[in-house]
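Asks: File follows, target.txt with compact mmCIF, C-alpha atoms:
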```
# COMPACT_ATOMS: atom_id res chain seq x y z
CA MET A 203 26.14 7.12 22.53
CA THR A 204 23.05 7.76 20.43
CA THR A 205 19.88 5.95 21.31
CA PRO A 206 18.03 4.93 18.15
CA ALA A 207 14.57 6.36 17.68
CA LYS A 208 11.75 4.09 18.76
CA PRO A 209 9.88 3.30 15.54
CA THR A 210 6.53 2.91 17.27
CA THR A 211 6.34 6.41 18.69
CA GLY A 212 6.57 9.88 17.22
CA GLU A 213 4.77 12.13 14.79
CA PRO A 214 3.41 10.12 11.85
CA ILE A 215 4.03 11.39 8.32
CA ALA A 216 1.15 10.27 6.12
CA ILE A 217 1.56 9.05 2.59
CA GLY A 218 2.56 11.91 0.27
CA GLN A 219 3.09 14.33 3.17
CA ILE A 220 6.05 16.22 4.63
CA GLY A 221 7.03 16.74 8.28
CA VAL A 222 9.79 18.76 9.91
CA ALA A 223 11.15 18.89 13.48
CA LYS A 224 13.94 20.71 15.28
CA GLY A 225 15.92 19.92 18.41
CA GLU A 226 13.88 16.99 19.58
CA GLY A 227 11.13 14.68 18.44
CA ILE A 228 10.71 11.68 16.23
CA LEU A 229 9.20 11.66 12.75
CA ARG A 230 7.96 8.31 11.55
CA THR A 231 6.42 6.79 8.47
CA PHE A 232 5.88 3.53 6.59
CA VAL A 233 7.13 2.97 3.07
CA GLY A 234 6.74 0.22 0.52
CA SER A 235 7.45 1.32 -3.03
CA CYS A 236 7.34 4.94 -1.84
CA VAL A 237 10.54 6.52 -0.56
CA ALA A 238 11.15 8.33 2.70
CA LEU A 239 13.38 11.30 1.90
CA VAL A 240 15.20 12.42 5.04
CA LEU A 241 17.02 15.76 5.03
CA TYR A 242 19.07 16.51 8.15
CA SER A 243 20.86 19.68 9.15
CA LYS A 244 23.48 18.86 11.76
CA ARG A 245 24.18 22.54 12.28
CA HIS A 246 20.58 23.24 13.29
CA ARG A 247 19.72 19.79 14.64
CA ALA A 248 16.67 19.82 12.40
CA VAL A 249 15.18 17.21 10.13
CA GLY A 250 12.62 17.02 7.35
CA VAL A 251 10.93 13.88 6.10
CA ALA A 252 8.93 13.58 2.87
CA HIS A 253 6.93 10.50 1.95
CA VAL A 254 7.47 10.45 -1.82
CA MET A 255 5.11 8.42 -4.01
CA LEU A 256 5.95 9.34 -7.61
CA PRO A 257 9.02 10.62 -9.47
CA ALA A 258 7.66 13.83 -11.01
CA ALA A 259 4.81 16.27 -10.39
CA GLU A 260 4.53 17.20 -14.08
CA GLY A 261 2.99 20.55 -13.25
CA ARG A 262 0.71 19.41 -10.43
CA ALA A 263 1.07 21.90 -7.61
CA ALA A 264 -1.05 20.25 -4.93
CA ALA A 265 0.50 17.77 -2.46
CA PRO A 266 4.16 18.68 -3.00
CA GLY A 267 5.30 15.82 -0.75
CA LYS A 268 3.85 13.30 -3.16
CA TYR A 269 6.34 13.88 -6.00
CA ALA A 270 10.13 13.65 -5.85
CA ASP A 271 10.82 16.95 -7.59
CA THR A 272 8.40 19.04 -5.53
CA ALA A 273 9.13 17.12 -2.32
CA VAL A 274 12.83 18.00 -2.32
CA ALA A 275 12.15 21.70 -2.86
CA GLU A 276 9.30 21.86 -0.37
CA THR A 277 11.12 19.95 2.37
CA LEU A 278 14.11 22.29 2.00
CA ARG A 279 11.77 25.29 2.16
CA ARG A 280 10.08 24.06 5.32
CA LEU A 281 13.42 23.29 6.93
CA THR A 282 14.78 26.75 6.20
CA ASP A 283 11.57 28.29 7.54
CA LEU A 284 11.84 26.16 10.66
CA VAL A 285 15.41 27.09 11.49
CA GLY A 286 15.30 30.65 10.13
CA ASP A 287 18.43 30.20 8.07
CA THR A 288 18.75 29.67 4.33
CA ASP A 289 22.15 28.00 4.71
CA ILE A 290 21.13 24.73 6.33
CA ALA A 291 23.91 22.53 4.92
CA CYS A 292 21.93 19.32 5.04
CA THR A 293 22.62 15.73 4.15
CA ALA A 294 20.13 13.17 2.86
CA LYS A 295 19.07 9.61 3.54
CA LEU A 296 16.74 7.54 1.36
CA ILE A 297 14.64 4.61 2.57
CA GLY A 298 12.12 2.52 0.64
CA GLY A 299 11.59 2.08 -3.09
CA ALA A 300 10.70 -1.60 -2.77
CA THR A 301 9.01 -3.71 -5.43
CA MET A 302 6.31 -5.23 -3.27
CA PHE A 303 4.44 -7.21 -5.91
CA THR A 304 6.43 -9.43 -8.21
CA PHE A 305 3.74 -9.57 -10.88
CA GLN A 306 3.96 -5.86 -11.71
CA SER A 307 5.64 -5.19 -15.04
CA GLY A 308 7.75 -2.32 -16.36
CA THR A 309 10.36 -0.33 -14.47
CA PRO A 310 9.27 -0.55 -10.84
CA ILE A 311 7.93 2.73 -9.51
CA GLY A 312 10.11 2.29 -6.41
CA ASP A 313 13.25 2.32 -8.54
CA GLN A 314 11.99 5.36 -10.45
CA ASN A 315 11.41 7.20 -7.18
CA VAL A 316 14.90 6.45 -5.90
CA LEU A 317 16.55 7.44 -9.19
CA ALA A 318 14.62 10.68 -9.36
CA LEU A 319 15.57 11.64 -5.81
CA GLN A 320 19.23 10.76 -6.35
CA ALA A 321 19.37 12.97 -9.44
CA LEU A 322 17.60 15.89 -7.75
CA LEU A 323 19.80 15.74 -4.66
CA GLY A 324 22.90 15.45 -6.84
CA ASP A 325 21.91 18.57 -8.77
CA LEU A 326 21.59 20.47 -5.47
CA GLY A 327 24.89 19.15 -4.12
CA ILE A 328 23.20 17.41 -1.21
CA GLU A 329 25.20 14.35 -0.20
CA ILE A 330 23.32 11.09 0.32
CA VAL A 331 24.92 9.68 3.47
CA GLY A 332 22.66 6.67 3.93
CA ARG A 333 20.26 4.59 1.93
CA LEU A 334 18.26 1.45 2.41
CA CYS A 335 16.34 0.92 -0.80
CA GLY A 336 14.89 -1.82 -2.97
CA GLY A 337 13.95 -5.33 -1.97
CA ARG A 338 10.42 -6.70 -1.80
CA HIS A 339 9.32 -5.56 1.64
CA GLY A 340 7.93 -2.55 3.43
CA ARG A 341 9.83 -0.54 6.02
CA ARG A 342 8.91 1.29 9.19
CA VAL A 343 11.01 4.45 9.46
CA ALA A 344 11.69 6.59 12.53
CA VAL A 345 13.90 9.68 12.37
CA ASP A 346 15.41 11.39 15.40
CA ALA A 347 15.34 15.15 14.84
CA ALA A 348 18.26 15.82 17.19
CA THR A 349 20.73 13.41 15.65
CA GLY A 350 19.33 12.58 12.22
CA THR A 351 19.58 8.92 13.15
CA VAL A 352 17.14 6.80 11.14
CA THR A 353 15.86 3.51 12.49
CA VAL A 354 14.45 1.20 9.85
CA GLU A 355 12.45 -1.87 10.78
CA THR A 356 10.89 -4.54 8.60
CA ALA A 357 8.29 -7.20 9.30
CA GLU A 358 10.53 -10.14 8.43
CA HIS A 359 13.94 -8.81 7.44
CA GLY A 360 15.29 -7.34 10.67
CA SER A 361 16.14 -3.74 11.45
CA GLU A 362 18.97 -1.34 10.70
CA THR A 363 20.12 2.07 11.81
CA LEU A 364 21.35 4.68 9.34
CA MET B 89 -17.86 8.66 -14.91
CA THR B 90 -21.57 8.60 -15.73
CA GLU B 91 -24.11 7.73 -13.05
CA HIS B 92 -24.97 4.59 -14.98
CA ASN B 93 -21.35 3.44 -15.12
CA GLN B 94 -20.86 4.27 -11.44
CA ALA B 95 -23.97 2.26 -10.52
CA LEU B 96 -22.86 -0.66 -12.66
CA LEU B 97 -19.43 -0.63 -11.07
CA GLU B 98 -20.89 -0.55 -7.56
CA GLU B 99 -23.22 -3.41 -8.38
CA ALA B 100 -20.40 -5.43 -9.91
CA PHE B 101 -18.19 -5.08 -6.85
CA HIS B 102 -21.10 -5.86 -4.56
CA HIS B 103 -21.77 -9.07 -6.48
CA GLY B 104 -18.06 -9.81 -6.41
CA ALA B 105 -18.01 -9.51 -2.63
CA GLU B 106 -21.09 -11.73 -2.29
CA ASP B 107 -19.67 -14.41 -4.55
CA GLY B 108 -16.30 -14.21 -2.80
CA SER B 109 -18.05 -14.66 0.53
CA ALA B 110 -20.01 -17.66 -0.79
CA ALA B 111 -16.83 -19.22 -2.17
CA LEU B 112 -15.05 -18.78 1.16
CA ALA B 113 -17.97 -20.40 3.00
CA LYS B 114 -17.94 -23.37 0.63
CA TRP B 115 -14.16 -23.70 0.84
CA LEU B 116 -14.19 -23.68 4.64
CA GLY B 117 -17.47 -25.55 5.08
CA ARG B 118 -18.64 -22.86 7.49
CA PRO B 119 -21.01 -19.89 7.29
CA VAL B 120 -19.31 -16.65 6.33
CA THR B 121 -20.70 -13.18 6.90
CA LEU B 122 -20.00 -10.35 4.49
CA SER B 123 -19.90 -7.45 6.93
CA VAL B 124 -18.64 -4.75 4.60
CA GLY B 125 -18.84 -4.58 0.84
CA ARG B 126 -18.61 -1.24 -0.85
CA LEU B 127 -16.96 0.87 -3.48
CA GLU B 128 -15.20 3.86 -1.94
CA MET B 129 -13.56 7.01 -3.24
CA LEU B 130 -11.04 7.97 -0.55
CA PRO B 131 -8.21 10.45 -0.05
CA ILE B 132 -4.93 8.60 -0.52
CA ALA B 133 -4.04 8.80 3.18
CA SER B 134 -7.38 7.26 4.17
CA ALA B 135 -7.08 4.56 1.53
CA ALA B 136 -3.61 3.70 2.83
CA SER B 137 -5.08 2.85 6.24
CA VAL B 138 -7.87 0.58 4.97
CA LEU B 139 -6.03 -2.47 6.34
CA GLY B 140 -5.36 -0.66 9.62
CA SER B 141 -2.85 1.89 10.77
CA GLY B 142 -1.18 -0.21 13.42
CA ASP B 143 2.44 -1.23 13.74
CA GLU B 144 1.78 -4.95 13.72
CA PRO B 145 2.44 -6.75 10.44
CA VAL B 146 -0.45 -8.45 8.68
CA CYS B 147 -0.37 -11.28 6.22
CA GLY B 148 -1.69 -10.71 2.76
CA CYS B 149 -2.00 -12.36 -0.60
CA ALA B 150 -2.00 -10.23 -3.73
CA MET B 151 -3.11 -11.01 -7.27
CA GLY B 152 -2.37 -8.79 -10.24
CA ILE B 153 -5.40 -8.44 -12.51
CA SER B 154 -5.30 -7.74 -16.23
CA GLY B 155 -7.86 -7.76 -19.01
CA ALA B 156 -11.19 -5.95 -19.08
CA VAL B 157 -10.77 -4.62 -15.54
CA GLY B 158 -7.12 -4.33 -14.50
CA GLY B 159 -5.84 -3.71 -11.03
CA LEU B 160 -4.73 -5.45 -7.89
CA LEU B 161 -6.65 -7.72 -5.54
CA LEU B 162 -5.41 -8.09 -1.97
CA LEU B 163 -6.71 -10.43 0.72
CA ALA B 164 -5.33 -9.51 4.13
CA ALA B 165 -5.81 -10.59 7.72
CA GLU B 166 -4.10 -10.21 11.06
CA ASP B 167 -1.55 -12.90 11.82
CA VAL B 168 -3.61 -14.61 14.50
CA ALA B 169 -6.68 -14.78 12.29
CA ALA B 170 -4.80 -16.02 9.25
CA LEU B 171 -2.96 -18.69 11.23
CA SER B 172 -6.32 -19.77 12.64
CA LEU B 173 -7.59 -20.07 9.08
CA ALA B 174 -4.58 -22.24 8.26
CA ASP B 175 -5.40 -24.49 11.23
CA THR B 176 -8.97 -24.87 10.00
CA LEU B 177 -7.87 -25.77 6.49
CA LEU B 178 -5.15 -28.12 7.70
CA GLU B 179 -7.68 -29.79 10.02
CA GLN B 180 -5.55 -29.34 13.09
CA PRO B 181 -6.46 -27.91 16.52
CA GLN B 182 -6.72 -24.12 16.72
CA GLY B 183 -3.43 -22.64 17.89
CA SER B 184 -1.31 -25.32 16.21
CA SER B 185 0.04 -22.90 13.60
CA THR B 186 2.28 -20.33 15.23
CA ALA B 187 4.56 -19.29 12.36
CA TRP B 188 4.42 -18.90 8.60
CA GLY B 189 5.75 -22.16 7.19
CA GLU B 190 5.11 -23.53 3.70
CA LEU B 191 1.86 -25.25 4.68
CA GLU B 192 0.42 -22.17 6.34
CA ARG B 193 1.36 -19.99 3.40
CA SER B 194 -0.13 -22.47 0.96
CA ALA B 195 -3.40 -22.45 2.89
CA VAL B 196 -3.69 -18.68 2.64
CA ILE B 197 -2.61 -18.62 -1.01
CA GLU B 198 -5.19 -21.22 -1.97
CA THR B 199 -7.87 -19.36 -0.05
CA THR B 200 -7.01 -16.18 -1.94
CA ASN B 201 -7.10 -18.05 -5.21
CA ILE B 202 -10.59 -19.40 -4.53
CA VAL B 203 -12.09 -16.22 -3.09
CA GLY B 204 -10.34 -14.01 -5.62
CA CYS B 205 -11.44 -16.01 -8.65
CA ALA B 206 -15.06 -16.10 -7.47
CA TYR B 207 -14.89 -12.35 -6.95
CA LEU B 208 -13.37 -11.72 -10.35
CA ASN B 209 -15.79 -14.01 -12.16
CA ALA B 210 -18.65 -11.98 -10.74
CA LEU B 211 -17.00 -8.75 -11.88
CA CYS B 212 -16.39 -10.15 -15.32
CA ALA B 213 -19.98 -11.35 -15.74
CA ILE B 214 -21.28 -7.84 -15.16
CA LEU B 215 -18.56 -5.58 -16.50
CA ALA B 216 -17.18 -7.54 -19.41
CA PRO B 217 -19.53 -10.34 -20.47
CA GLU B 218 -18.44 -10.11 -24.11
CA HIS B 219 -14.82 -9.23 -23.55
CA ASP B 220 -12.48 -11.56 -25.44
CA VAL B 221 -10.01 -12.06 -22.62
CA GLY B 222 -12.26 -11.40 -19.66
CA ILE B 223 -10.33 -10.79 -16.46
CA LEU B 224 -7.01 -12.57 -15.96
CA PRO B 225 -5.52 -12.95 -12.49
CA SER B 226 -1.86 -13.66 -11.77
CA PRO B 227 -1.00 -16.42 -9.29
CA PRO B 228 -1.39 -15.09 -5.72
CA VAL B 229 1.77 -13.82 -4.01
CA PHE B 230 2.08 -14.24 -0.23
CA LEU B 231 3.32 -11.26 1.74
CA ARG B 232 3.69 -10.49 5.42
CA ASP B 233 4.26 -6.82 5.99
CA PHE B 234 3.10 -3.62 7.63
CA PRO B 235 -0.49 -2.79 6.60
CA ALA B 236 0.38 0.76 5.52
CA ALA B 237 3.25 -0.47 3.34
CA LEU B 238 1.05 -3.08 1.66
CA MET B 239 -1.73 -0.63 0.91
CA GLU B 240 0.62 2.09 -0.25
CA ALA B 241 2.09 -0.26 -2.84
CA ALA B 242 -1.37 -1.49 -3.85
CA LEU B 243 -2.58 2.06 -4.46
CA MET B 244 0.42 3.06 -6.54
CA GLU B 245 -1.12 2.28 -9.93
CA GLN B 246 -3.95 4.73 -9.33
CA THR B 247 -2.09 7.57 -7.64
CA HIS B 248 -1.14 9.07 -11.01
CA LEU B 249 -4.77 10.15 -11.41
CA GLY B 250 -5.01 12.48 -8.44
CA ASP B 251 -5.24 12.69 -4.69
CA THR B 252 -8.18 10.36 -4.24
CA VAL B 253 -8.37 6.64 -4.91
CA LEU B 254 -11.27 4.41 -5.90
CA LEU B 255 -11.25 1.00 -4.27
CA ALA B 256 -13.62 -1.82 -3.45
CA ASN B 257 -13.46 -2.88 0.16
CA SER B 258 -15.04 -6.03 1.62
CA GLU B 259 -14.75 -7.72 4.98
CA PHE B 260 -15.54 -11.39 5.61
CA ARG B 261 -16.14 -12.97 9.01
CA ILE B 262 -16.38 -16.68 9.68
CA SER B 263 -19.33 -17.34 11.93
CA GLY B 264 -18.48 -18.69 15.35
CA THR B 265 -14.82 -17.66 15.18
CA SER B 266 -12.84 -14.47 15.61
CA PHE B 267 -11.58 -14.78 12.04
CA ARG B 268 -12.05 -11.85 9.76
CA CYS B 269 -10.23 -10.85 6.62
CA ARG B 270 -10.40 -7.98 4.22
CA LEU B 271 -10.53 -8.17 0.43
CA VAL B 272 -9.51 -5.00 -1.37
CA PHE B 273 -9.61 -4.43 -5.12
CA VAL B 274 -7.80 -1.39 -6.49
CA PRO B 275 -8.56 -0.81 -10.19
CA ASP B 276 -5.59 0.51 -12.13
CA ALA B 277 -5.56 3.95 -13.72
CA ALA B 278 -5.84 2.74 -17.30
CA GLY B 279 -8.77 0.43 -16.60
CA LEU B 280 -10.58 3.04 -14.58
CA GLN B 281 -10.19 5.70 -17.27
CA ALA B 282 -11.33 3.32 -19.99
CA TYR B 283 -14.32 2.26 -17.93
CA ALA B 284 -15.29 5.84 -17.11
CA GLN B 285 -15.33 6.73 -20.81
CA ARG B 286 -17.26 3.77 -22.06
CA PRO B 287 -20.80 4.45 -23.29
CA ALA B 288 -23.75 3.52 -21.15
CA ASP B 289 -25.14 0.07 -21.81
CA PRO B 290 -28.46 0.52 -23.66
CA GLU B 291 -29.78 -2.66 -22.05
CA PRO B 292 -28.58 -2.81 -18.47
CA ARG B 293 -27.85 -6.37 -17.39
CA LEU B 294 -28.85 -5.86 -13.79
```
Kindly return the structure encoded in the file as structure tokens.

Replies:
Amino acid sequence: MTTPAKPTTGEPIAIGQIGVAKGEGILRTFVGSCVALVLYSKRHRAVGVAHVMLPAAEGRAAAPGKYADTAVAETLRRLTDLVGDTDIACTAKLIGGATMFTFQSGTPIGDQNVLALQALLGDLGIEIVGRLCGGRHGRRVAVDAATGTVTVETAEHGSETL
Amino acid sequence: MTEHNQALLEEAFHHGAEDGSAALAKWLGRPVTLSVGRLEMLPIASAASVLGSGDEPVCGCAMGISGAVGGLLLLAAEDVAALSLADTLLEQPQGSSTAWGELERSAVIETTNIVGCAYLNALCAILAPEHDVGILPSPPVFLRDFPAALMEAALMEQTHLGDTVLLANSEFRISGTSFRCRLVFVPDAAGLQAYAQRPADPEPRL
């Protein structure tokens, strides 16, 4: 039986950053309207997590983890570098994309982030096997590198495992 | 942004913090100390931890701001401190409030309304004295969430501009208690760009 990752321990992934781990270890981050993109290779027992803030880089090369389009490519690149294999056969999980403040108008940035990631992953043929998106609350995310198990906790809306 | 505009902005937020502090003191009937009050340009990751980087949720009240200076105003405090504030306002013994019921939430929302409006009035008087619409706040929204998640969402409107964020950061302490809360104003991208491009005032008001 898999033991869920403890959300309070592990390597923190800062806002707009990317982290990867292989074999063991926990990657953790907090998301509100941002989205935690989790790519997991079962074959290599390796995981990459990007903390995505905005849907598109629009030519900006710095901070690739910040934008959905550059985050997907960069996380895949770091994963392949980590495992030394270009055929990593990974799956994806998406967590976050909340609309934290009800007074904000227009299409919520959280929704835009989720839609952008779904489209990008679809284009690459990467299956999304778990998602916990939307709502009006933040999430604490912990990812177990060995199993790809994602533990998601909230302040007032319970916890779930993906 | 010109040096003049930068100085005016700093002065405006400083006055905002002072007036917010005075309003909080009047509202509570107790002396309040403004221990921090500054305008900061921070890397996004640093800005995201302004409310703390811990795992414990905090309570916060947010107001959306539109008009001459748009953005988001967030008053946040640790649970224990905010519940203590609710006890003070509800005139009940300290420690009576242990969970976030309607009364406790109302106490924090009203506090945010009073402090926030005093803060914004001070900003408006300096930055937009002749602006037709001034500065318009939305009703405060109560939230209880992880500090990093709250700040991340608050910063979102400005992250389009680059990898640093400009925010005004103030901390209030109520004398004789352990209560402290943080008031953060994050100008939005459009307001910040418009302000940066506006010509220097030939007759500074300060």

Asks: Compile the contact shell of Leu229 of chain A as a count of residues only: residues with an atom at most 8 Å away, counting only C-alpha atoms, same-chain residues fewer than 5 positions apart removed.

Replies: 12

Asks: At a cut-off of 7 Å, list the chain A residues touching chain B, using all atoms listed in the file, as a list in words.

Replies: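 Residues satisfying the distance criterion: Thr210, Ala216, Ile217, Phe232, Val233, Gly234, Ser235, Met302, Phe305, His339, Gly340 and Ala357 of chain A.
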
Asks: For Leu116 of chain B, please output as a PyMOL selection string all residues within 9 Å (counting only C-alpha atoms; exclusion window: fewer than 6 positions along the same chain).

Replies: chain B and resi 173+176-177+199+262

Asks: Which residue is closest to Ala294 of chain A? Choose from A:Val274, A:Cys236, A:Ala265, A:Leu256 and count all atoms listed in the file.

Replies: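 Of the candidates, the smallest distance to Ala294 of chain A is held by A:Val274.
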
Asks: Could you state the separation of atom CA of Gly155 of chain B and atom CA of Gly108 of chain B in Å, given to one decimal place?

Replies: 19.4 Å

Asks: List as an MDAnalysis selection string the protein and nucleic acid residues near Glu276 of chain A, meaning an atom at most 12 Å away when all atoms listed in the file are counted, but skip any in the same chain fewer than 6 places from it.

Replies: chainID A and resid 219:222 239 241 250:254 263:270 282:283

Asks: Extract, using all atoms listed in the file, all DNA, RNA and protein residues at most 10 Å from Gln320 of chain A, discarding same-chain residues fewer than 2 positions from it, and format them as number ranges by chain.

Replies: A: 270, 294-296, 314-318, 322-325, 328-330

Asks: Please report the interatomic distance between atom CA of Val240 of chain A and atom CA of Ala258 of chain A in Å with one decimal.

Replies: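 Interatomic distance, atom CA of Val240 of chain A to atom CA of Ala258 of chain A: 17.8 Å.
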
Asks: What is the distance between atom CA of Gln281 of chain B and atom CA of Ser109 of chain B, in Å to one decimal?

Replies: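 These atoms are spaced 28.2 Å apart.
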
Asks: Hey, what's within 9 Å of segment 118-123 of chain B if we count all atoms listed in the file and toss same-chain stuff fewer than 4 positions away? As a short mmCIF file (atom, residue, chain, number, x, y, z; two decimals) with C-alpha atoms, in the coordinates of the input, please?

Replies:
```cif
data_model
loop_
_atom_site.label_atom_id
_atom_site.label_comp_id
_atom_site.auth_asym_id
_atom_site.auth_seq_id
_atom_site.Cartn_x
_atom_site.Cartn_y
_atom_site.Cartn_z
CA ALA B 105 -18.01 -9.51 -2.63
CA GLU B 106 -21.09 -11.73 -2.29
CA SER B 109 -18.05 -14.66 0.53
CA ALA B 110 -20.01 -17.66 -0.79
CA LEU B 112 -15.05 -18.78 1.16
CA ALA B 113 -17.97 -20.40 3.00
CA LYS B 114 -17.94 -23.37 0.63
CA SER B 258 -15.04 -6.03 1.62
CA GLU B 259 -14.75 -7.72 4.98
CA PHE B 260 -15.54 -11.39 5.61
CA ARG B 261 -16.14 -12.97 9.01
CA ILE B 262 -16.38 -16.68 9.68
CA SER B 263 -19.33 -17.34 11.93
CA GLY B 264 -18.48 -18.69 15.35
#
```

Asks: Using only C-alpha atoms, pick whichever of B:Leu280, B:Ala169, B:Ala206, B:Ala195 has the shortest atom-to-atom distance to Gly183 of chain B.

Replies: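 Closest to Gly183 of chain B, using only C-alpha atoms: B:Ala169.
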
Asks: Let me have the centre and edge lengths of the axis-aligned box enclosing all listed atoms of segment 218-223 of chain A with 4 Å padding on every side, in Å to one decimal, as JSON.

Replies:
```
{"center_x": 6.9, "center_y": 15.4, "center_z": 6.9, "size_x": 16.6, "size_y": 15.0, "size_z": 21.2}
```

Asks: With distances taken over all atoms listed in the file, which of B:Leu191, B:Leu163, B:Ala174, B:Val196 is nearest to Asn257 of chain B?

Replies: B:Leu163

Asks: Which residue gives the smallest distance to Leu249 of chain B among A:Glu260, A:Asp313, A:Asp271, A:Asp289, with all atoms listed in the file counted?

Replies: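 Closest candidate: A:Glu260.
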